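Trainee: This one is model23.pdb, PDB, C-alpha atoms.
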```pdb
ATOM      1  CA  MET N   2       2.747 -49.284 -74.631
ATOM      2  CA  THR N   3       4.856 -50.457 -77.581
ATOM      3  CA  ASN N   4       8.137 -52.326 -77.490
ATOM      4  CA  LEU N   5       9.842 -53.047 -80.808
ATOM      5  CA  HIS N   6      12.170 -55.442 -79.003
ATOM      6  CA  PRO N   7      10.042 -57.625 -76.714
ATOM      7  CA  THR N   8      11.596 -60.481 -74.793
ATOM      8  CA  VAL N   9      11.616 -63.516 -77.096
ATOM      9  CA  SER N  10      11.692 -67.272 -76.581
ATOM     10  CA  TRP N  11      12.512 -69.285 -79.712
ATOM     11  CA  SER N  12      11.740 -72.808 -78.457
ATOM     12  CA  LEU N  13       9.821 -74.752 -75.842
ATOM     13  CA  ALA N  14      13.077 -75.269 -73.935
ATOM     14  CA  ASP N  15      13.586 -71.501 -73.903
ATOM     15  CA  LEU N  16      10.269 -70.671 -72.193
ATOM     16  CA  PRO N  17      10.823 -68.624 -69.013
ATOM     17  CA  GLY N  18       8.803 -70.777 -66.613
ATOM     18  CA  ALA N  19       6.254 -69.599 -64.074
ATOM     19  CA  ASN N  20       8.520 -66.883 -62.682
ATOM     20  CA  LYS N  21       5.919 -64.126 -63.057
ATOM     21  CA  PRO N  22       2.200 -63.887 -63.928
ATOM     22  CA  ARG N  23       1.469 -63.671 -67.649
ATOM     23  CA  VAL N  24      -1.648 -63.125 -69.715
ATOM     24  CA  VAL N  25      -1.254 -65.186 -72.884
ATOM     25  CA  THR N  26      -2.860 -65.212 -76.312
ATOM     26  CA  ILE N  27      -2.175 -67.926 -78.879
ATOM     27  CA  GLY N  28      -2.228 -67.849 -82.661
ATOM     28  CA  LYS N  29      -0.392 -67.619 -85.977
ATOM     29  CA  PHE N  30      -0.534 -63.779 -86.000
ATOM     30  CA  ASP N  31       0.664 -63.694 -89.602
ATOM     31  CA  GLY N  32       0.982 -60.060 -90.655
ATOM     32  CA  VAL N  33      -0.003 -58.707 -87.219
ATOM     33  CA  HIS N  34      -2.996 -56.894 -88.723
ATOM     34  CA  VAL N  35      -5.598 -54.624 -87.130
ATOM     35  CA  GLY N  36      -7.516 -57.598 -85.736
ATOM     36  CA  HIS N  37      -4.396 -59.010 -84.124
ATOM     37  CA  ARG N  38      -3.607 -55.638 -82.568
ATOM     38  CA  GLU N  39      -7.027 -55.563 -80.960
ATOM     39  CA  VAL N  40      -6.385 -59.011 -79.481
ATOM     40  CA  ILE N  41      -3.120 -57.818 -77.937
ATOM     41  CA  ALA N  42      -4.783 -54.684 -76.587
ATOM     42  CA  GLU N  43      -7.333 -56.933 -74.896
ATOM     43  CA  LEU N  44      -4.534 -58.645 -72.947
ATOM     44  CA  GLY N  45      -3.914 -55.455 -71.028
ATOM     45  CA  ARG N  46      -7.596 -55.062 -70.245
ATOM     46  CA  ILE N  47      -7.895 -58.627 -68.935
ATOM     47  CA  ALA N  48      -4.860 -58.565 -66.647
ATOM     48  CA  PRO N  49      -3.113 -55.177 -66.601
ATOM     49  CA  ASP N  50      -0.562 -56.288 -63.992
ATOM     50  CA  ALA N  51       0.464 -59.449 -65.879
ATOM     51  CA  GLU N  52       3.085 -59.607 -68.645
ATOM     52  CA  ALA N  53       1.335 -59.395 -72.030
ATOM     53  CA  THR N  54       2.540 -62.497 -73.875
ATOM     54  CA  VAL N  55       1.953 -63.845 -77.369
ATOM     55  CA  LEU N  56       2.485 -67.541 -78.132
ATOM     56  CA  THR N  57       2.954 -68.017 -81.861
ATOM     57  CA  PHE N  58       4.753 -70.311 -84.306
ATOM     58  CA  ASP N  59       7.741 -70.157 -86.633
ATOM     59  CA  ARG N  60       5.614 -71.324 -89.584
ATOM     60  CA  HIS N  61       2.009 -71.967 -90.512
ATOM     61  CA  PRO N  62       0.940 -75.341 -89.057
ATOM     62  CA  LYS N  63       0.016 -76.448 -92.567
ATOM     63  CA  ALA N  64       3.680 -76.185 -93.541
ATOM     64  CA  LEU N  65       4.109 -79.363 -91.480
ATOM     65  CA  LEU N  66       0.677 -80.970 -91.657
ATOM     66  CA  ALA N  67      -0.344 -80.172 -95.268
ATOM     67  CA  PRO N  68       2.622 -78.561 -97.085
ATOM     68  CA  ASP N  69       0.855 -78.204-100.437
ATOM     69  CA  ALA N  70      -1.887 -76.125 -98.786
ATOM     70  CA  ALA N  71       0.391 -73.920 -96.678
ATOM     71  CA  PRO N  72       0.045 -70.192 -97.505
ATOM     72  CA  ARG N  73       3.050 -67.969 -98.068
ATOM     73  CA  PRO N  74       3.710 -66.002 -94.866
ATOM     74  CA  LEU N  75       3.060 -62.259 -94.867
ATOM     75  CA  VAL N  76       6.019 -61.652 -92.556
ATOM     76  CA  SER N  77       9.136 -63.436 -91.327
ATOM     77  CA  SER N  78       9.354 -64.601 -87.733
ATOM     78  CA  GLU N  79      11.675 -61.691 -86.968
ATOM     79  CA  GLN N  80       9.270 -59.171 -88.508
ATOM     80  CA  LYS N  81       6.395 -60.745 -86.606
ATOM     81  CA  VAL N  82       8.209 -60.321 -83.298
ATOM     82  CA  GLU N  83       8.846 -56.642 -84.035
ATOM     83  CA  PHE N  84       5.220 -55.992 -85.046
ATOM     84  CA  LEU N  85       3.878 -57.845 -82.004
ATOM     85  CA  GLY N  86       6.096 -55.746 -79.765
ATOM     86  CA  GLY N  87       4.903 -52.618 -81.538
ATOM     87  CA  ALA N  88       1.334 -53.725 -80.870
ATOM     88  CA  GLY N  89       1.978 -54.001 -77.143
ATOM     89  CA  ALA N  90       3.322 -57.488 -76.449
ATOM     90  CA  SER N  91       6.031 -57.523 -73.785
ATOM     91  CA  ARG N  92       6.991 -61.144 -74.439
ATOM     92  CA  VAL N  93       6.745 -63.305 -77.550
ATOM     93  CA  ALA N  94       7.256 -67.061 -77.664
ATOM     94  CA  VAL N  95       7.955 -68.257 -81.217
ATOM     95  CA  ILE N  96       7.592 -72.026 -81.062
ATOM     96  CA  PRO N  97       8.960 -74.222 -83.884
ATOM     97  CA  PHE N  98       5.913 -76.068 -85.230
ATOM     98  CA  THR N  99       7.537 -79.504 -85.302
ATOM     99  CA  ARG N 100       6.018 -82.965 -85.248
ATOM    100  CA  GLU N 101       6.944 -83.210 -81.569
ATOM    101  CA  PHE N 102       5.013 -80.035 -80.801
ATOM    102  CA  ALA N 103       2.044 -81.078 -82.950
ATOM    103  CA  ASP N 104       1.853 -84.373 -81.046
ATOM    104  CA  LEU N 105       1.417 -82.762 -77.623
ATOM    105  CA  THR N 106      -1.889 -83.743 -76.052
ATOM    106  CA  PRO N 107      -4.240 -80.945 -74.956
ATOM    107  CA  GLU N 108      -3.337 -81.748 -71.355
ATOM    108  CA  GLN N 109       0.399 -81.518 -72.067
ATOM    109  CA  PHE N 110      -0.004 -78.228 -73.915
ATOM    110  CA  ALA N 111      -2.032 -76.651 -71.125
ATOM    111  CA  ARG N 112       0.297 -77.884 -68.372
ATOM    112  CA  ASP N 113       3.763 -77.820 -69.943
ATOM    113  CA  VAL N 114       3.423 -74.764 -72.162
ATOM    114  CA  LEU N 115       0.803 -72.484 -70.659
ATOM    115  CA  ALA N 116       0.984 -73.151 -66.915
ATOM    116  CA  GLU N 117       4.555 -74.318 -66.286
ATOM    117  CA  GLY N 118       6.244 -72.856 -69.374
ATOM    118  CA  LEU N 119       4.700 -69.395 -69.302
ATOM    119  CA  GLY N 120       3.097 -68.993 -65.884
ATOM    120  CA  ALA N 121      -0.246 -68.090 -67.439
ATOM    121  CA  VAL N 122      -2.833 -66.588 -65.112
ATOM    122  CA  ALA N 123      -5.179 -65.791 -68.012
ATOM    123  CA  VAL N 124      -5.441 -67.077 -71.594
ATOM    124  CA  LEU N 125      -7.188 -65.281 -74.460
ATOM    125  CA  VAL N 126      -8.330 -67.257 -77.531
ATOM    126  CA  GLY N 127     -10.985 -67.233 -80.217
ATOM    127  CA  SER N 128     -14.217 -69.140 -79.651
ATOM    128  CA  ASP N 129     -13.188 -71.716 -82.293
ATOM    129  CA  PHE N 130      -9.736 -72.315 -80.783
ATOM    130  CA  ARG N 131      -8.356 -75.844 -81.198
ATOM    131  CA  TYR N 132      -5.129 -77.180 -79.740
ATOM    132  CA  GLY N 133      -3.247 -80.370 -79.010
ATOM    133  CA  HIS N 134      -2.752 -83.455 -81.173
ATOM    134  CA  LEU N 135      -5.195 -83.476 -84.119
ATOM    135  CA  GLY N 136      -6.949 -80.449 -82.600
ATOM    136  CA  ALA N 137      -8.453 -82.583 -79.843
ATOM    137  CA  GLY N 138      -8.620 -79.656 -77.424
ATOM    138  CA  ASN N 139     -11.232 -76.904 -77.669
ATOM    139  CA  LEU N 140     -12.516 -73.977 -75.649
ATOM    140  CA  GLU N 141     -14.415 -76.224 -73.238
ATOM    141  CA  THR N 142     -11.408 -78.432 -72.461
ATOM    142  CA  LEU N 143      -9.171 -75.377 -72.083
ATOM    143  CA  ILE N 144     -11.547 -73.890 -69.508
ATOM    144  CA  GLU N 145     -11.537 -77.177 -67.579
ATOM    145  CA  GLN N 146      -7.750 -77.394 -67.648
ATOM    146  CA  GLY N 147      -7.436 -73.746 -66.651
ATOM    147  CA  GLU N 148      -9.586 -74.323 -63.576
ATOM    148  CA  ARG N 149      -7.255 -77.123 -62.556
ATOM    149  CA  LEU N 150      -3.979 -75.379 -63.440
ATOM    150  CA  GLY N 151      -4.795 -71.888 -62.211
ATOM    151  CA  PHE N 152      -5.543 -69.763 -65.273
ATOM    152  CA  SER N 153      -8.765 -68.184 -66.477
ATOM    153  CA  VAL N 154      -9.884 -68.415 -70.109
ATOM    154  CA  HIS N 155     -11.303 -65.509 -72.111
ATOM    155  CA  THR N 156     -12.557 -65.265 -75.688
ATOM    156  CA  VAL N 157     -12.214 -62.507 -78.259
ATOM    157  CA  ALA N 158     -14.552 -61.774 -81.160
ATOM    158  CA  ASP N 159     -13.409 -61.384 -84.754
ATOM    159  CA  VAL N 160     -12.616 -57.845 -85.881
ATOM    160  CA  VAL N 161     -14.411 -56.825 -89.092
ATOM    161  CA  HIS N 162     -13.593 -54.038 -91.513
ATOM    162  CA  ASP N 163     -15.975 -51.519 -93.011
ATOM    163  CA  GLU N 164     -17.219 -53.947 -95.677
ATOM    164  CA  GLY N 165     -18.410 -56.299 -92.955
ATOM    165  CA  GLU N 166     -15.800 -58.964 -93.734
ATOM    166  CA  ARG N 167     -13.551 -60.438 -91.068
ATOM    167  CA  ILE N 168     -10.034 -59.061 -91.124
ATOM    168  CA  SER N 169      -7.743 -61.989 -91.851
ATOM    169  CA  SER N 170      -4.268 -62.764 -93.123
ATOM    170  CA  THR N 171      -5.888 -64.663 -95.998
ATOM    171  CA  ARG N 172      -7.813 -61.558 -97.083
ATOM    172  CA  ILE N 173      -4.652 -59.414 -96.933
ATOM    173  CA  ARG N 174      -2.717 -62.004 -98.929
ATOM    174  CA  ARG N 175      -5.359 -61.884-101.661
ATOM    175  CA  LEU N 176      -5.237 -58.097-101.758
ATOM    176  CA  LEU N 177      -1.470 -58.134-102.205
ATOM    177  CA  ASP N 178      -1.773 -60.805-104.891
ATOM    178  CA  ASP N 179      -4.109 -58.362-106.658
ATOM    179  CA  GLY N 180      -1.680 -55.486-106.181
ATOM    180  CA  ASN N 181      -4.087 -53.658-103.855
ATOM    181  CA  ALA N 182      -1.423 -52.377-101.488
ATOM    182  CA  ALA N 183      -3.557 -49.434-100.350
ATOM    183  CA  ARG N 184      -6.403 -51.625 -99.116
ATOM    184  CA  ALA N 185      -3.968 -54.090 -97.556
ATOM    185  CA  ALA N 186      -2.472 -51.192 -95.598
ATOM    186  CA  GLU N 187      -5.895 -50.325 -94.185
ATOM    187  CA  LEU N 188      -6.355 -53.865 -92.845
ATOM    188  CA  LEU N 189      -2.789 -54.105 -91.581
ATOM    189  CA  GLY N 190      -2.874 -50.719 -89.887
ATOM    190  CA  ARG N 191       0.465 -49.961 -91.575
ATOM    191  CA  TYR N 192       2.026 -50.263 -95.008
ATOM    192  CA  HIS N 193       2.933 -53.795 -96.020
ATOM    193  CA  GLN N 194       6.683 -54.197 -96.118
ATOM    194  CA  VAL N 195       9.499 -56.415 -97.281
ATOM    195  CA  ARG N 196      13.162 -56.101 -96.422
ATOM    196  CA  SER N 197      16.408 -57.484 -97.726
ATOM    197  CA  THR N 198      20.011 -56.655 -98.524
ATOM    198  CA  VAL N 199      20.861 -54.543-101.576
ATOM    199  CA  VAL N 200      22.902 -56.454-104.159
ATOM    200  CA  GLN N 201      24.398 -55.515-107.500
ATOM    201  CA  GLY N 202      22.125 -55.862-110.527
ATOM    202  CA  PHE N 203      22.529 -55.232-114.261
ATOM    203  CA  GLN N 204      22.794 -51.447-113.637
ATOM    204  CA  ARG N 205      20.356 -50.748-116.464
ATOM    205  CA  GLY N 206      18.444 -48.292-114.302
ATOM    206  CA  ARG N 207      21.597 -46.226-113.867
ATOM    207  CA  GLU N 208      22.080 -46.181-117.638
ATOM    208  CA  LEU N 209      18.501 -44.916-118.025
ATOM    209  CA  GLY N 210      18.979 -42.218-115.401
ATOM    210  CA  TYR N 211      17.081 -44.122-112.688
ATOM    211  CA  PRO N 212      19.546 -46.139-110.581
ATOM    212  CA  THR N 213      17.835 -48.838-108.558
ATOM    213  CA  ALA N 214      18.533 -50.758-105.380
ATOM    214  CA  ASN N 215      18.139 -54.456-106.176
ATOM    215  CA  LEU N 216      16.971 -56.589-103.258
ATOM    216  CA  GLU N 217      18.508 -59.979-102.650
ATOM    217  CA  ASN N 218      16.130 -62.945-103.005
ATOM    218  CA  PRO N 219      14.269 -64.118-101.093
ATOM    219  CA  PRO N 220      13.320 -61.018 -99.069
ATOM    220  CA  GLU N 221      11.620 -61.077 -95.689
ATOM    221  CA  GLY N 222       7.895 -60.590 -96.196
ATOM    222  CA  PHE N 223       5.255 -61.446 -98.775
ATOM    223  CA  VAL N 224       6.093 -60.188-102.283
ATOM    224  CA  PRO N 225       3.027 -58.524-103.882
ATOM    225  CA  ARG N 226       1.840 -58.817-107.469
ATOM    226  CA  ASP N 227       4.259 -57.852-110.243
ATOM    227  CA  GLY N 228       4.132 -54.179-111.157
ATOM    228  CA  VAL N 229       5.286 -50.710-110.198
ATOM    229  CA  TYR N 230       4.428 -49.279-106.779
ATOM    230  CA  ALA N 231       4.631 -46.018-104.879
ATOM    231  CA  THR N 232       6.783 -46.873-101.877
ATOM    232  CA  TRP N 233       8.829 -45.566 -99.004
ATOM    233  CA  VAL N 234      12.242 -47.172 -98.569
ATOM    234  CA  ASP N 235      13.967 -47.049 -95.174
ATOM    235  CA  VAL N 236      17.760 -46.804 -95.256
ATOM    236  CA  ASP N 237      19.353 -46.794 -91.798
ATOM    237  CA  GLY N 238      16.108 -45.467 -90.354
ATOM    238  CA  VAL N 239      15.752 -42.669 -92.919
ATOM    239  CA  PRO N 240      12.676 -42.927 -95.223
ATOM    240  CA  TYR N 241      13.002 -42.038 -98.910
ATOM    241  CA  GLN N 242      10.241 -41.718-101.478
ATOM    242  CA  ALA N 243      10.766 -44.398-104.108
ATOM    243  CA  ALA N 244       9.419 -46.123-107.193
ATOM    244  CA  THR N 245       9.593 -49.883-106.716
ATOM    245  CA  SER N 246       9.145 -52.473-109.431
ATOM    246  CA  ILE N 247       8.496 -56.193-109.004
ATOM    247  CA  GLY N 248       8.922 -58.686-111.820
ATOM    248  CA  VAL N 249      11.327 -59.981-114.451
ATOM    249  CA  ASN N 250      11.778 -56.728-116.427
ATOM    250  CA  PRO N 251      10.202 -57.976-119.688
ATOM    251  CA  THR N 252      11.621 -55.100-121.763
ATOM    252  CA  PHE N 253      15.047 -56.764-121.623
ATOM    253  CA  GLY N 254      13.858 -60.369-121.246
ATOM    254  CA  ASP N 255      16.947 -61.841-119.618
ATOM    255  CA  VAL N 256      15.879 -62.028-115.969
ATOM    256  CA  ALA N 257      14.710 -65.461-114.836
ATOM    257  CA  ASP N 258      13.637 -64.702-111.263
ATOM    258  CA  ARG N 259      11.272 -62.045-109.963
ATOM    259  CA  MET N 260      13.243 -59.079-108.699
ATOM    260  CA  ILE N 261      12.383 -56.170-106.417
ATOM    261  CA  GLU N 262      14.080 -52.954-107.525
ATOM    262  CA  SER N 263      13.643 -49.536-105.918
ATOM    263  CA  HIS N 264      14.639 -46.155-107.333
ATOM    264  CA  LEU N 265      15.032 -43.845-104.345
ATOM    265  CA  PHE N 266      14.216 -40.225-105.082
ATOM    266  CA  ASP N 267      16.714 -37.612-103.881
ATOM    267  CA  PHE N 268      19.179 -40.211-102.651
ATOM    268  CA  ASP N 269      22.859 -39.892-103.445
ATOM    269  CA  GLY N 270      24.972 -42.673-102.056
ATOM    270  CA  VAL N 271      25.979 -46.319-102.273
ATOM    271  CA  LEU N 272      23.535 -48.923-101.022
ATOM    272  CA  TYR N 273      25.316 -52.209-101.791
ATOM    273  CA  GLY N 274      25.271 -54.360 -98.683
ATOM    274  CA  SER N 275      22.702 -52.173 -96.903
ATOM    275  CA  ARG N 276      19.657 -53.729 -95.280
ATOM    276  CA  VAL N 277      16.611 -51.784 -96.510
ATOM    277  CA  THR N 278      12.867 -51.985 -95.907
ATOM    278  CA  VAL N 279      10.339 -51.267 -98.660
ATOM    279  CA  HIS N 280       6.881 -50.020 -97.574
ATOM    280  CA  PHE N 281       4.192 -50.462-100.252
ATOM    281  CA  VAL N 282       1.800 -47.510-100.431
ATOM    282  CA  ASP N 283      -0.079 -47.856-103.735
ATOM    283  CA  TYR N 284      -0.069 -49.761-107.032
ATOM    284  CA  ILE N 285       0.840 -47.679-110.083
ATOM    285  CA  ARG N 286       0.805 -49.949-113.139
ATOM    286  CA  PRO N 287       1.581 -53.457-114.426
ATOM    287  CA  MET N 288       5.076 -54.586-115.370
ATOM    288  CA  ASN N 289       4.827 -53.898-119.112
ATOM    289  CA  LYS N 290       7.169 -54.734-121.973
ATOM    290  CA  PHE N 291       8.317 -51.608-123.812
ATOM    291  CA  PRO N 292       9.606 -51.500-127.400
ATOM    292  CA  ASP N 293      12.961 -50.052-126.359
ATOM    293  CA  ALA N 294      14.942 -48.633-123.443
ATOM    294  CA  GLN N 295      14.030 -45.018-124.232
ATOM    295  CA  SER N 296      10.292 -45.813-124.091
ATOM    296  CA  LEU N 297      10.852 -47.413-120.690
ATOM    297  CA  ALA N 298      12.796 -44.362-119.478
ATOM    298  CA  THR N 299       9.947 -42.062-120.592
ATOM    299  CA  GLN N 300       7.437 -44.180-118.665
ATOM    300  CA  MET N 301       9.698 -44.223-115.605
ATOM    301  CA  ALA N 302       9.718 -40.415-115.610
ATOM    302  CA  GLU N 303       5.906 -40.381-115.665
ATOM    303  CA  ASP N 304       5.810 -42.997-112.898
ATOM    304  CA  ALA N 305       8.195 -40.943-110.766
ATOM    305  CA  GLN N 306       6.045 -37.815-110.974
ATOM    306  CA  ARG N 307       2.871 -39.716-110.147
ATOM    307  CA  ILE N 308       4.548 -41.439-107.216
ATOM    308  CA  ARG N 309       5.869 -38.147-105.849
ATOM    309  CA  ASP N 310       2.323 -36.763-106.001
ATOM    310  CA  ILE N 311       0.896 -39.780-104.150
ATOM    311  CA  LEU N 312       3.549 -39.819-101.444
ATOM    312  CA  SER N 313       3.426 -36.069-100.938
ATOM    313  CA  GLN N 314      -0.188 -36.414 -99.842
TER     314      GLN N 314
END
```
Rewrite the structure of this file - the entire thing - as structure tokens.

Mentor:
Amino acid sequence: MTNLHPTVSWSLADLPGANKPRVVTIGKFDGVHVGHREVIAELGRIAPDAEATVLTFDRHPKALLAPDAAPRPLVSSEQKVEFLGGAGASRVAVIPFTREFADLTPEQFARDVLAEGLGAVAVLVGSDFRYGHLGAGNLETLIEQGERLGFSVHTVADVVHDEGERISSTRIRRLLDDGNAARAAELLGRYHQVRSTVVQGFQRGRELGYPTANLENPPEGFVPRDGVYATWVDVDGVPYQAATSIGVNPTFGDVADRMIESHLFDFDGVLYGSRVTVHFVDYIRPMNKFPDAQSLATQMAEDAQRIRDILSQ
């Protein structure tokens, strides 16, 4: 059962307490990929009568503990909540990964968060799970604490894809950095997406016959490699085929920041101020510099036809 709007707690103080039995899994869940979905499905198999609950964080722990090594997130916290609900979570607890939280002892985490904060009757983690200050807690200590506090502990194996490699957020991030949106979609179980508000740009696309929706920076979601992509763009729940470019538009050379621009096929309307979502289907070509505007317009026409062919499949 999916729920795009699960019940959400945004802090430790906001946890519901032990007011009903819950089966809980813990992790970063960045991207909510195919492996994560299998973990959430397992919650229902472990305790079908308990509330399926995901305990996650508002940022990667390294953002606090080792900022220079922290990866860019694949999704925003709000996107993560929606994807977790779509995967079957009835409740999501998004905990701010603060120094105070990082300093909890394993005993405090098990008692205050899992038992008293969430009413856990079962907890699902990976075999290499670590928790508490400096990662002092492990699977063995969690089992011991669960026996004392009244929850069972279960483990889940890694999910691998057809090349035999573990599905991970790191792998998906690398694929998107390479522009391989199609392969990333296979591991995510959906098209990778970003969303933002449409703002006014230079209106060069309109002058070339290809008006574009310019997304405000920074968007929600991981921005893939520069280039042109076949995409779907959702506007008020309606999907439109679109050509989306990422980069600084080198043909004109006066854009300092990377921009995401989408030309929506068969759309006639005003998008300024609209919140739109861009779904990346496939990579078309690099962001090239053309000798003049007409050469760019000719290439855009070729891109549009190729993208229509891809999306029509």

Trainee: Kindly give the distance, in Å, that separates atom CA of Thr142 of chain N and atom CA of Pro107 of chain N, rounded to a single decimal.

Mentor: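 One can read the atom CA of Thr142 of chain N to atom CA of Pro107 of chain N distance as 8.0 Å.
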
Trainee: Using only C-alpha atoms, which of N:Asp283, N:Asp104, N:Glu148, N:Glu217 sits nearest Leu135 of chain N?

Mentor: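 Closest to Leu135 of chain N of all the choices is N:Asp104.
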
Trainee: Taking every listed atom of segment 299-309 of chain N and adding 8 Å to each side, what centre and edge lengths in Å (one decimal) does the axis-aligned box have, as AutoDock Vina command-line options?

Mentor:
```
--center_x 6.4 --center_y -41.0 --center_z -113.2 --size_x 23.1 --size_y 22.4 --size_z 30.7
```

Trainee: So what does the PyMOL selection byres ((chain N and resi 133) around 10) actually pick up in this one, as a ChimeraX atom specification?

Mentor: /N:102-111,131-132,134-139

Trainee: Taking the file as shown, find all residues satisfying the PyMOL selection byres ((chain N and resi 245) around 12) and write them as a ChimeraX atom specification.

Mentor: /N:194-195,206,211-216,224-234,241-244,246-248,260-266,278-288,301,304-305,308

Trainee: Using atom CA of Leu312 of chain N and atom CA of Asn250 of chain N as the two end points, give the distance in Å to one decimal.

Mentor: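 Atom CA of Asn250 of chain N lies 24.0 Å from atom CA of Leu312 of chain N.
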
Trainee: Go through N:Ala186, N:Leu176, N:Ala53, N:Ala302 one by one, measure the shortest atom-to-atom distance of each to Ala123 of chain N using all atoms listed in the file, and give the residue with the smallest value.

Mentor: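 Closest residue, counting all atoms listed in the file: N:Ala53.
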